[in-house]
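Trainee: For reference, this is target_0.pdb, and it has PDB, C-alpha atoms and all ligand atoms.
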```pdb
MODEL        1
ATOM      1  CA  MET A 128      19.331 -11.236   1.868
ATOM      2  CA  VAL A 129      15.574 -11.722   1.855
ATOM      3  CA  GLY A 130      13.263  -9.307   0.040
ATOM      4  CA  VAL A 131       9.824  -8.741   1.531
ATOM      5  CA  TYR A 132       7.033  -6.656   0.081
ATOM      6  CA  ASP A 133       3.413  -5.696   0.510
ATOM      7  CA  SER A 134       1.033  -3.064  -0.791
ATOM      8  CA  GLY A 135       1.978  -1.170   2.351
ATOM      9  CA  ILE A 136       2.939  -1.800   5.957
ATOM     10  CA  GLY A 137       0.859  -4.992   6.341
ATOM     11  CA  GLY A 138       3.768  -7.215   5.350
ATOM     12  CA  LEU A 139       5.560  -6.059   8.489
ATOM     13  CA  SER A 140       3.387  -8.593  10.338
ATOM     14  CA  VAL A 141       5.276 -11.228   8.325
ATOM     15  CA  TRP A 142       8.648  -9.500   8.644
ATOM     16  CA  LYS A 143       8.140  -9.524  12.430
ATOM     17  CA  GLU A 144       7.956 -13.341  12.369
ATOM     18  CA  LEU A 145      10.854 -13.637   9.900
ATOM     19  CA  ARG A 146      12.992 -11.438  12.133
ATOM     20  CA  ALA A 147      12.093 -13.490  15.219
ATOM     21  CA  LEU A 148      12.842 -16.795  13.474
ATOM     22  CA  MET A 149      15.963 -15.686  11.566
ATOM     23  CA  PRO A 150      17.463 -12.701  13.430
ATOM     24  CA  ARG A 151      20.816 -12.945  11.605
ATOM     25  CA  GLN A 152      19.232 -12.752   8.169
ATOM     26  CA  ASP A 153      19.442  -9.459   6.235
ATOM     27  CA  TYR A 154      16.150  -7.972   5.008
ATOM     28  CA  VAL A 155      15.075  -5.422   2.453
ATOM     29  CA  TYR A 156      11.413  -4.406   2.621
ATOM     30  CA  VAL A 157       9.284  -2.479   0.137
ATOM     31  CA  ALA A 158       5.956  -0.934   1.168
ATOM     32  CA  ASP A 159       4.150  -0.045  -2.065
ATOM     33  CA  SER A 160       2.087   2.522  -0.182
ATOM     34  CA  ALA A 161       1.647   4.909  -3.128
ATOM     35  CA  HIS A 162      -0.348   2.153  -4.843
ATOM     36  CA  CYS A 163      -2.160   0.875  -1.737
ATOM     37  CA  PRO A 164      -4.731  -0.641  -1.415
ATOM     38  CA  TYR A 165      -4.413  -3.488  -3.921
ATOM     39  CA  GLY A 166      -7.655  -5.038  -2.680
ATOM     40  CA  GLU A 167      -9.930  -4.022  -5.552
ATOM     41  CA  LYS A 168      -7.440  -3.189  -8.329
ATOM     42  CA  SER A 169      -7.173  -5.355 -11.458
ATOM     43  CA  PRO A 170      -4.955  -8.484 -11.465
ATOM     44  CA  GLU A 171      -2.982  -6.884 -14.330
ATOM     45  CA  TYR A 172      -2.267  -3.787 -12.259
ATOM     46  CA  ILE A 173      -1.191  -5.847  -9.234
ATOM     47  CA  THR A 174       1.028  -8.055 -11.417
ATOM     48  CA  GLY A 175       2.630  -4.926 -12.915
ATOM     49  CA  ARG A 176       3.441  -3.707  -9.415
ATOM     50  CA  ALA A 177       4.721  -7.174  -8.448
ATOM     51  CA  ARG A 178       7.137  -7.112 -11.399
ATOM     52  CA  ALA A 179       8.414  -3.611 -10.634
ATOM     53  CA  VAL A 180       8.892  -4.253  -6.916
ATOM     54  CA  THR A 181      10.455  -7.700  -7.457
ATOM     55  CA  GLU A 182      13.006  -6.257  -9.882
ATOM     56  CA  TYR A 183      13.808  -3.537  -7.358
ATOM     57  CA  LEU A 184      14.300  -6.110  -4.568
ATOM     58  CA  ILE A 185      16.484  -8.349  -6.736
ATOM     59  CA  GLY A 186      18.490  -5.260  -7.711
ATOM     60  CA  LYS A 187      19.064  -4.639  -3.994
ATOM     61  CA  GLY A 188      20.464  -8.168  -3.626
ATOM     62  CA  ALA A 189      17.426 -10.221  -2.573
ATOM     63  CA  GLU A 190      18.066 -13.956  -3.028
ATOM     64  CA  ALA A 191      14.484 -14.836  -2.187
ATOM     65  CA  VAL A 192      11.283 -12.796  -2.133
ATOM     66  CA  VAL A 193       8.453 -13.092   0.357
ATOM     67  CA  VAL A 194       5.239 -11.759  -1.152
ATOM     68  CA  ALA A 195       3.854 -10.681   2.221
ATOM     69  CA  CYS A 196       0.470  -9.770   0.795
ATOM     70  CA  ASN A 197      -2.422 -12.161   0.236
ATOM     71  CA  THR A 198      -3.817 -10.026  -2.565
ATOM     72  CA  ALA A 199      -0.533  -9.854  -4.504
ATOM     73  CA  THR A 200       0.046 -13.570  -3.938
ATOM     74  CA  ALA A 201      -3.382 -14.336  -5.380
ATOM     75  CA  ALA A 202      -2.829 -12.167  -8.458
ATOM     76  CA  ALA A 203       0.849 -12.563  -9.235
ATOM     77  CA  ILE A 204       2.750 -15.410  -7.560
ATOM     78  CA  SER A 205       2.506 -17.786 -10.548
ATOM     79  CA  TYR A 206       3.729 -15.037 -12.853
ATOM     80  CA  LEU A 207       6.641 -14.196 -10.552
ATOM     81  CA  ARG A 208       7.686 -17.839 -10.155
ATOM     82  CA  SER A 209       7.814 -18.351 -13.903
ATOM     83  CA  HIS A 210       9.673 -15.113 -14.728
ATOM     84  CA  TYR A 211      12.376 -14.579 -12.084
ATOM     85  CA  PRO A 212      15.238 -16.848 -10.997
ATOM     86  CA  VAL A 213      14.731 -16.520  -7.221
ATOM     87  CA  PRO A 214      12.419 -18.502  -4.934
ATOM     88  CA  PHE A 215       9.144 -16.823  -3.949
ATOM     89  CA  VAL A 216       7.165 -17.468  -0.781
ATOM     90  CA  GLY A 217       3.555 -16.323  -0.817
ATOM     91  CA  MET A 218       0.733 -16.033   1.690
ATOM     92  CA  GLU A 219      -1.383 -19.170   2.071
ATOM     93  CA  PRO A 220      -4.985 -18.595   3.089
ATOM     94  CA  ALA A 221      -4.993 -20.460   6.443
ATOM     95  CA  VAL A 222      -8.240 -22.257   5.711
ATOM     96  CA  LYS A 223      -6.831 -25.712   6.432
ATOM     97  CA  PRO A 224      -5.876 -25.169  10.114
ATOM     98  CA  ALA A 225      -9.115 -23.255  10.579
ATOM     99  CA  ALA A 226     -11.241 -26.070   9.153
ATOM    100  CA  LEU A 227      -9.382 -28.641  11.260
ATOM    101  CA  THR A 228      -9.947 -26.826  14.545
ATOM    102  CA  SER A 229     -13.486 -25.488  14.148
ATOM    103  CA  ARG A 230     -15.997 -27.202  16.415
ATOM    104  CA  THR A 231     -19.015 -25.444  14.974
ATOM    105  CA  GLY A 232     -18.062 -26.188  11.354
ATOM    106  CA  VAL A 233     -18.233 -22.475  10.617
ATOM    107  CA  VAL A 234     -15.077 -20.520   9.762
ATOM    108  CA  GLY A 235     -14.806 -16.789   9.126
ATOM    109  CA  VAL A 236     -12.253 -15.453   6.657
ATOM    110  CA  LEU A 237     -11.473 -11.733   6.672
ATOM    111  CA  ALA A 238      -9.644 -10.694   3.488
ATOM    112  CA  THR A 239      -9.751  -8.370   0.487
ATOM    113  CA  ALA A 240     -12.136  -8.787  -2.449
ATOM    114  CA  ASN A 241      -9.283  -9.824  -4.758
ATOM    115  CA  THR A 242      -8.028 -12.516  -2.388
ATOM    116  CA  PHE A 243     -11.477 -14.164  -2.449
ATOM    117  CA  LYS A 244     -11.514 -13.998  -6.264
ATOM    118  CA  GLY A 245      -8.146 -15.767  -6.638
ATOM    119  CA  SER A 246      -7.892 -19.416  -7.669
ATOM    120  CA  LEU A 247      -5.458 -20.086  -4.787
ATOM    121  CA  TYR A 248      -8.185 -19.313  -2.253
ATOM    122  CA  ARG A 249     -10.876 -21.213  -4.169
ATOM    123  CA  ASP A 250      -8.633 -24.291  -4.543
ATOM    124  CA  THR A 251      -7.688 -24.231  -0.854
ATOM    125  CA  VAL A 252     -11.320 -24.095   0.192
ATOM    126  CA  MET A 253     -12.229 -26.968  -2.163
ATOM    127  CA  LYS A 254      -9.348 -29.074  -0.902
ATOM    128  CA  TYR A 255      -9.473 -28.502   2.843
ATOM    129  CA  ALA A 256     -12.865 -27.144   3.784
ATOM    130  CA  SER A 257     -15.470 -29.388   2.248
ATOM    131  CA  GLY A 258     -18.333 -29.638   4.709
ATOM    132  CA  ILE A 259     -17.273 -26.386   6.400
ATOM    133  CA  HIS A 260     -19.409 -23.287   6.085
ATOM    134  CA  ILE A 261     -17.111 -20.379   5.268
ATOM    135  CA  VAL A 262     -18.232 -16.854   6.003
ATOM    136  CA  GLU A 263     -16.245 -14.657   3.605
ATOM    137  CA  LYS A 264     -15.971 -11.100   4.801
ATOM    138  CA  VAL A 265     -14.340  -8.352   2.754
ATOM    139  CA  GLY A 266     -12.645  -6.076   5.279
ATOM    140  CA  ARG A 267     -13.384  -2.918   3.331
ATOM    141  CA  GLY A 268     -11.713   0.130   4.913
ATOM    142  CA  LEU A 269      -9.428  -1.810   7.267
ATOM    143  CA  VAL A 270      -6.255  -1.696   5.124
ATOM    144  CA  GLU A 271      -6.511   2.067   4.703
ATOM    145  CA  ALA A 272      -6.985   2.502   8.457
ATOM    146  CA  VAL A 273      -3.877   0.421   9.261
ATOM    147  CA  GLU A 274      -1.908   2.474   6.734
ATOM    148  CA  ARG A 275      -2.913   5.569   8.709
ATOM    149  CA  GLY A 276      -1.881   3.902  11.971
ATOM    150  CA  GLU A 277      -5.492   3.682  13.178
ATOM    151  CA  VAL A 278      -7.573   0.912  14.746
ATOM    152  CA  PRO A 279     -11.121   1.228  13.346
ATOM    153  CA  SER A 280     -12.982  -0.418  16.244
ATOM    154  CA  GLU A 281     -16.471   0.104  14.901
ATOM    155  CA  LEU A 282     -15.739  -1.487  11.505
ATOM    156  CA  ILE A 283     -13.978  -4.405  13.182
ATOM    157  CA  ARG A 284     -16.930  -5.007  15.513
ATOM    158  CA  ARG A 285     -19.271  -4.989  12.512
ATOM    159  CA  TYR A 286     -17.271  -7.458  10.381
ATOM    160  CA  VAL A 287     -16.435  -9.776  13.272
ATOM    161  CA  GLY A 288     -20.020  -9.623  14.534
ATOM    162  CA  GLU A 289     -21.315 -10.666  11.119
ATOM    163  CA  MET A 290     -19.054 -13.727  11.195
ATOM    164  CA  THR A 291     -19.768 -14.813  14.754
ATOM    165  CA  ALA A 292     -23.516 -14.286  14.222
ATOM    166  CA  GLU A 293     -23.328 -17.103  11.659
ATOM    167  CA  GLY A 294     -21.570 -19.333  14.200
ATOM    168  CA  ALA A 295     -17.897 -18.869  13.280
ATOM    169  CA  ASP A 296     -15.635 -20.096  16.089
ATOM    170  CA  VAL A 297     -12.418 -19.591  14.089
ATOM    171  CA  ILE A 298     -11.503 -16.434  12.181
ATOM    172  CA  VAL A 299      -8.680 -16.364   9.634
ATOM    173  CA  LEU A 300      -6.796 -13.103   9.174
ATOM    174  CA  GLY A 301      -6.545 -13.346   5.379
ATOM    175  CA  CYS A 302      -4.717 -10.055   4.851
ATOM    176  CA  THR A 303      -1.320  -9.194   6.275
ATOM    177  CA  HIS A 304      -2.538  -5.807   7.513
ATOM    178  CA  PHE A 305      -4.993  -7.440   9.905
ATOM    179  CA  PRO A 306      -2.607  -8.859  12.558
ATOM    180  CA  PHE A 307      -2.111  -5.200  13.519
ATOM    181  CA  LEU A 308      -5.801  -5.230  14.461
ATOM    182  CA  GLN A 309      -5.716  -8.636  16.160
ATOM    183  CA  GLU A 310      -6.325  -7.440  19.729
ATOM    184  CA  GLU A 311      -9.422  -5.562  18.618
ATOM    185  CA  VAL A 312     -10.600  -8.546  16.551
ATOM    186  CA  GLU A 313     -10.171 -10.780  19.630
ATOM    187  CA  ARG A 314     -12.095  -8.338  21.798
ATOM    188  CA  ALA A 315     -14.919  -8.160  19.271
ATOM    189  CA  ALA A 316     -15.042 -11.941  18.798
ATOM    190  CA  GLY A 317     -15.029 -12.881  22.477
ATOM    191  CA  PRO A 318     -13.225 -15.684  24.304
ATOM    192  CA  GLY A 319     -14.707 -18.669  22.448
ATOM    193  CA  VAL A 320     -13.312 -17.680  19.054
ATOM    194  CA  ARG A 321      -9.816 -18.548  17.812
ATOM    195  CA  ILE A 322      -8.031 -16.071  15.543
ATOM    196  CA  ILE A 323      -5.490 -17.453  13.050
ATOM    197  CA  ASN A 324      -2.612 -15.318  11.798
ATOM    198  CA  PRO A 325      -0.725 -17.244   9.084
ATOM    199  CA  ALA A 326       2.463 -15.129   9.362
ATOM    200  CA  PRO A 327       4.451 -17.537  11.623
ATOM    201  CA  ALA A 328       3.791 -20.416   9.200
ATOM    202  CA  VAL A 329       4.952 -18.260   6.271
ATOM    203  CA  ALA A 330       8.154 -17.410   8.159
ATOM    204  CA  ARG A 331       8.811 -21.131   8.759
ATOM    205  CA  GLN A 332       8.200 -21.835   5.070
ATOM    206  CA  THR A 333      10.703 -19.091   4.156
ATOM    207  CA  ALA A 334      13.326 -20.685   6.408
ATOM    208  CA  ARG A 335      12.751 -24.026   4.630
ATOM    209  CA  VAL A 336      13.094 -22.406   1.206
ATOM    210  CA  LEU A 337      16.360 -20.683   2.166
ATOM    211  CA  HIS A 338      17.982 -24.018   3.171
ATOM    212  CA  SER A 339      21.155 -22.605   4.698
ATOM    213  CA  PRO A 340      21.026 -20.828   8.071
ATOM    214  CA  ALA A 341      21.398 -17.057   7.740
ATOM    215  CA  GLU A 342      24.824 -15.719   8.617
ATOM    216  CA  GLY A 343      24.278 -12.060   7.715
ATOM    217  CA  GLY A 344      24.507  -9.086  10.004
ATOM    218  CA  GLY A 345      20.798  -8.942  10.774
ATOM    219  CA  THR A 346      20.371  -5.659   8.893
ATOM    220  CA  ALA A 347      16.982  -4.358   7.778
ATOM    221  CA  VAL A 348      16.388  -1.569   5.272
ATOM    222  CA  PHE A 349      12.937  -0.214   4.418
ATOM    223  CA  TYR A 350      11.651   1.551   1.318
ATOM    224  CA  SER A 351       8.245   3.059   0.741
ATOM    225  CA  THR A 352       6.754   4.347  -2.495
ATOM    226  CA  GLY A 353       4.671   6.620  -0.259
ATOM    227  CA  ASP A 354       5.142   8.287   3.092
ATOM    228  CA  THR A 355       7.571   6.594   5.495
ATOM    229  CA  THR A 356       6.168   7.939   8.791
ATOM    230  CA  VAL A 357       3.862   5.064   9.806
ATOM    231  CA  LEU A 358       6.236   2.515   8.251
ATOM    232  CA  LYS A 359       9.020   3.762  10.471
ATOM    233  CA  SER A 360       7.001   3.948  13.687
ATOM    234  CA  THR A 361       5.578   0.460  13.087
ATOM    235  CA  VAL A 362       8.987  -1.091  12.397
ATOM    236  CA  LEU A 363      10.483   0.539  15.482
ATOM    237  CA  SER A 364       7.587  -0.703  17.614
ATOM    238  CA  ILE A 365       8.396  -4.239  16.400
ATOM    239  CA  ASP A 366      12.161  -3.895  16.768
ATOM    240  CA  PRO A 367      13.557  -0.737  18.411
ATOM    241  CA  ALA A 368      17.076  -1.861  17.429
ATOM    242  CA  VAL A 369      16.495  -1.095  13.735
ATOM    243  CA  ASN A 370      18.612   1.834  12.571
ATOM    244  CA  PRO A 371      16.247   4.850  12.266
ATOM    245  CA  GLY A 372      18.325   5.993   9.259
ATOM    246  CA  ASN A 373      17.301   2.925   7.255
ATOM    247  CA  PHE A 374      13.980   4.297   5.935
ATOM    248  CA  TYR A 375      13.718   5.740   2.458
ATOM    249  CA  HIS A 376      11.087   7.069   0.117
ATOM    250  CA  VAL A 377      11.528   5.587  -3.343
ATOM    251  CA  THR A 378       9.811   5.835  -6.714
ATOM    252  CA  ILE A 379       9.474   2.396  -8.286
TER     253      ILE A 379
HETATM  254  N1  LIG A 401      -1.705  -6.695   2.950
HETATM  255  C1  LIG A 401      -2.506  -6.916   1.775
HETATM  256  C2  LIG A 401      -3.055  -8.330   1.807
HETATM  257  O1  LIG A 401      -2.507  -9.161   2.508
HETATM  258  C3  LIG A 401      -3.480  -5.793   1.646
HETATM  259  C4  LIG A 401      -4.103  -5.706   0.312
HETATM  260  C5  LIG A 401      -4.505  -4.328  -0.092
HETATM  261  O2  LIG A 401      -3.609  -3.524  -0.348
HETATM  262  O3  LIG A 401      -5.703  -4.095  -0.223
HETATM  263  O4  LIG A 401      -3.986  -8.677   1.136
ENDMDL
END
```
For the file at hand, write its structure as structure tokens.
Ligand code: DGL
Mentor:
Amino acid sequence: MVGVYDSGIGGLSVWKELRALMPRQDYVYVADSAHCPYGEKSPEYITGRARAVTEYLIGKGAEAVVVACNTATAAAISYLRSHYPVPFVGMEPAVKPAALTSRTGVVGVLATANTFKGSLYRDTVMKYASGIHIVEKVGRGLVEAVERGEVPSELIRRYVGEMTAEGADVIVLGCTHFPFLQEEVERAAGPGVRIINPAPAVARQTARVLHSPAEGGGTAVFYSTGDTTVLKSTVLSIDPAVNPGNFYHVTI
């Protein structure tokens, strides 16, 4: 069984790819919606949540945990790897493929403030994007909108416009909530701009980490520390075959 978690429903963009790649795997998902957004909270707070949620997932039988949140990965993945006996897969800022494919030499990254502050992001930029101009855009307000099930077109047009105005021809979705806004991001960016969603690569990395092919029943159970309404409708829009009884509110 694979545990997956995020500050909210954003990690479902990763679960969608996991499910497509490994449909016979069993999944347990935690949306930490009562504590969402993580984007501007302290690293200590986010690590505290990572510990609590990880222990909950392991208690439910998770043999590996996908930290399907760029912000939590940035703050807590090293801590988690050194304190728990299961493999962890985190979100990689997809700066490398962006830098490799940009023709203008300008790449936009849309993420939370905490993701930009993390050493993982800084190191990735140093390693793979020397000579590339990176336009870092904090997508303030977008996570909250996705949690409400909304598409905030005006905000998206503003952020995307600020990146393309500087010449960005590739935009990295550096937060797992943002693939739910991808169509609107594409519309705002126009046809010459490539949008990178790292979720499929993270799903492939999870399959590598698990080694053995999944032989489970393909079950999926979802917990939220907040309201389950949008969680449920989003999951069922991804996979209508999920049992509608498998959604629970939980206090962690
Ligand atoms: N999905 C989280 C991420 O990938 C959102 C962070 C937040 O809660 O602000 O960064």
Trainee: Apply the PyMOL selection byres (((chain A and resi 337) around 10) and not hetatm) to the displayed file and report the matching residues as JSON, numbers by chain.
Mentor: {"A": [128, 129, 190, 191, 214, 332, 333, 334, 335, 336, 338, 339, 340, 341]}
Trainee: Find the residues near range 254-261 of chain A: any atom within 6 Å, counting only C-alpha atoms, skip ones fewer than 5 places away on the same chain, and give them as a list in words.
Mentor: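 Contacts, with the query itself left out: Lys223, Ala226, Gly232, Val233, Val234 and Gly235 of chain A.
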Trainee: Selected residues, C-alpha atoms, written as a JSON list (two decimals), keeping the file's coordinate frame, please.
Mentor:
```json
[["chain", "number", "residue", "atom", "x", "y", "z"],
["A", 223, "LYS", "CA", -6.83, -25.71, 6.43],
["A", 226, "ALA", "CA", -11.24, -26.07, 9.15],
["A", 232, "GLY", "CA", -18.06, -26.19, 11.35],
["A", 233, "VAL", "CA", -18.23, -22.48, 10.62],
["A", 234, "VAL", "CA", -15.08, -20.52, 9.76],
["A", 235, "GLY", "CA", -14.81, -16.79, 9.13]]
```
Trainee: For the PyMOL selection byres (((chain A and resi 185) around 12) and not hetatm), applied here, can you spell out every residue it catches as an MDAnalysis selection string?
Mentor: chainID A and resid 128:132 154:157 177:184 186:193 211:215
Trainee: Could you list, as a PyMOL selection string, all the residues within 10 Å of ligand LIG 401 (chain A), counting all atoms listed in the file?
Mentor: chain A and resi 132-141+158-160+162-168+173+194-201+217-218+220+237-243+266-271+273-274+300-306
Trainee: Please identify all polymer residues within 9 Å of Ala225 in chain A, counting all atoms listed in the file, omitting same-chain residues fewer than 4 positions from it, and present them as a ChimeraX atom specification.
Mentor: /A:221,229,234-235,256,297-299,321-323
Trainee: Can you list, as an mmCIF file with C-alpha atoms, in the coordinates of the input, every protein, DNA or RNA residue that comes within 8 Å of Val278 in chain A when you count all atoms listed in the file, leaving out same-chain residues fewer than 5 positions away?
Mentor:
```cif
data_model
loop_
_atom_site.group_PDB
_atom_site.id
_atom_site.type_symbol
_atom_site.label_atom_id
_atom_site.label_comp_id
_atom_site.auth_asym_id
_atom_site.auth_seq_id
_atom_site.Cartn_x
_atom_site.Cartn_y
_atom_site.Cartn_z
ATOM 1 C CA ALA A 272 -6.985 2.502 8.457
ATOM 2 C CA VAL A 273 -3.877 0.421 9.261
ATOM 3 C CA LEU A 308 -5.801 -5.230 14.461
ATOM 4 C CA GLU A 311 -9.422 -5.562 18.618
#
```
Trainee: Would you compute the distance between CA of Arg331 in chain A and CA of Met149 in chain A? Give it in Å to one decimal.
Mentor: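 Taking CA of Arg331 in chain A and CA of Met149 in chain A, their separation equals 9.4 Å.
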Trainee: Can you pull out the residues contacting Thr361 in chain A? Cut-off 10 Å, using only C-alpha atoms, and skip same-chain residues under 2 positions away; I want them as a compact mmCIF listing (two decimals) with C-alpha atoms, in the frame of the given file.
Mentor:
```
# COMPACT_ATOMS: atom_id res chain seq x y z
CA ILE A 136 2.94 -1.80 5.96
CA GLY A 137 0.86 -4.99 6.34
CA LEU A 139 5.56 -6.06 8.49
CA SER A 140 3.39 -8.59 10.34
CA GLY A 276 -1.88 3.90 11.97
CA PHE A 307 -2.11 -5.20 13.52
CA THR A 355 7.57 6.59 5.50
CA THR A 356 6.17 7.94 8.79
CA VAL A 357 3.86 5.06 9.81
CA LEU A 358 6.24 2.52 8.25
CA LYS A 359 9.02 3.76 10.47
CA LEU A 363 10.48 0.54 15.48
CA SER A 364 7.59 -0.70 17.61
CA ILE A 365 8.40 -4.24 16.40
CA ASP A 366 12.16 -3.90 16.77
CA PRO A 367 13.56 -0.74 18.41
```
Trainee: One decimal, in Å: what's the spacing between CA of Glu171 in chain A and CA of Glu219 in chain A?
Mentor: 20.6 Å
Trainee: Tell me which of A:Val222, A:Asn324, A:Ser209, A:Ala203 sits closest to Arg249 in chain A, counting all atoms listed in the file.
Mentor: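 Selected residue with least distance to Arg249 in chain A: A:Val222.
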Trainee: As an exercise, work out the distance from CA of Val287 in chain A to CA of Pro318 in chain A in Å and give it to one decimal place.
Mentor: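 That distance, rounded to one decimal, is 12.9 Å.
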Trainee: Could you check which of A:Lys143, A:Ser169, A:Ile283, A:Asp153 is closest to Gly344 in chain A, using only C-alpha atoms?
Mentor: A:Asp153
Trainee: Find the residues around Glu293 in chain A up to 8 Å (all atoms listed in the file counted), leave out those fewer than 3 positions away in its own chain, and share them as an MDAnalysis selection string.
Mentor: chainID A and resid 233 262 289:290
Trainee: Applied to the shown file, which residues does the PyMOL selection byres (((chain A and resi 345) around 6) and not hetatm) return, written as a list of chain:residue names?
Mentor: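 On the file shown, the PyMOL selection byres (((chain A and resi 345) around 6) and not hetatm) covers A:Pro150, A:Arg151, A:Gln152, A:Asp153, A:Gly343, A:Gly344, A:Thr346.
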Trainee: Determine the nearest neighbour of Asn370 in chain A from the options A:Leu282, A:Val348, A:Gly353, A:Ile204, counting only C-alpha atoms.
Mentor: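 Among A:Leu282, A:Val348, A:Gly353, A:Ile204, it is A:Val348 that comes nearest to Asn370 in chain A.
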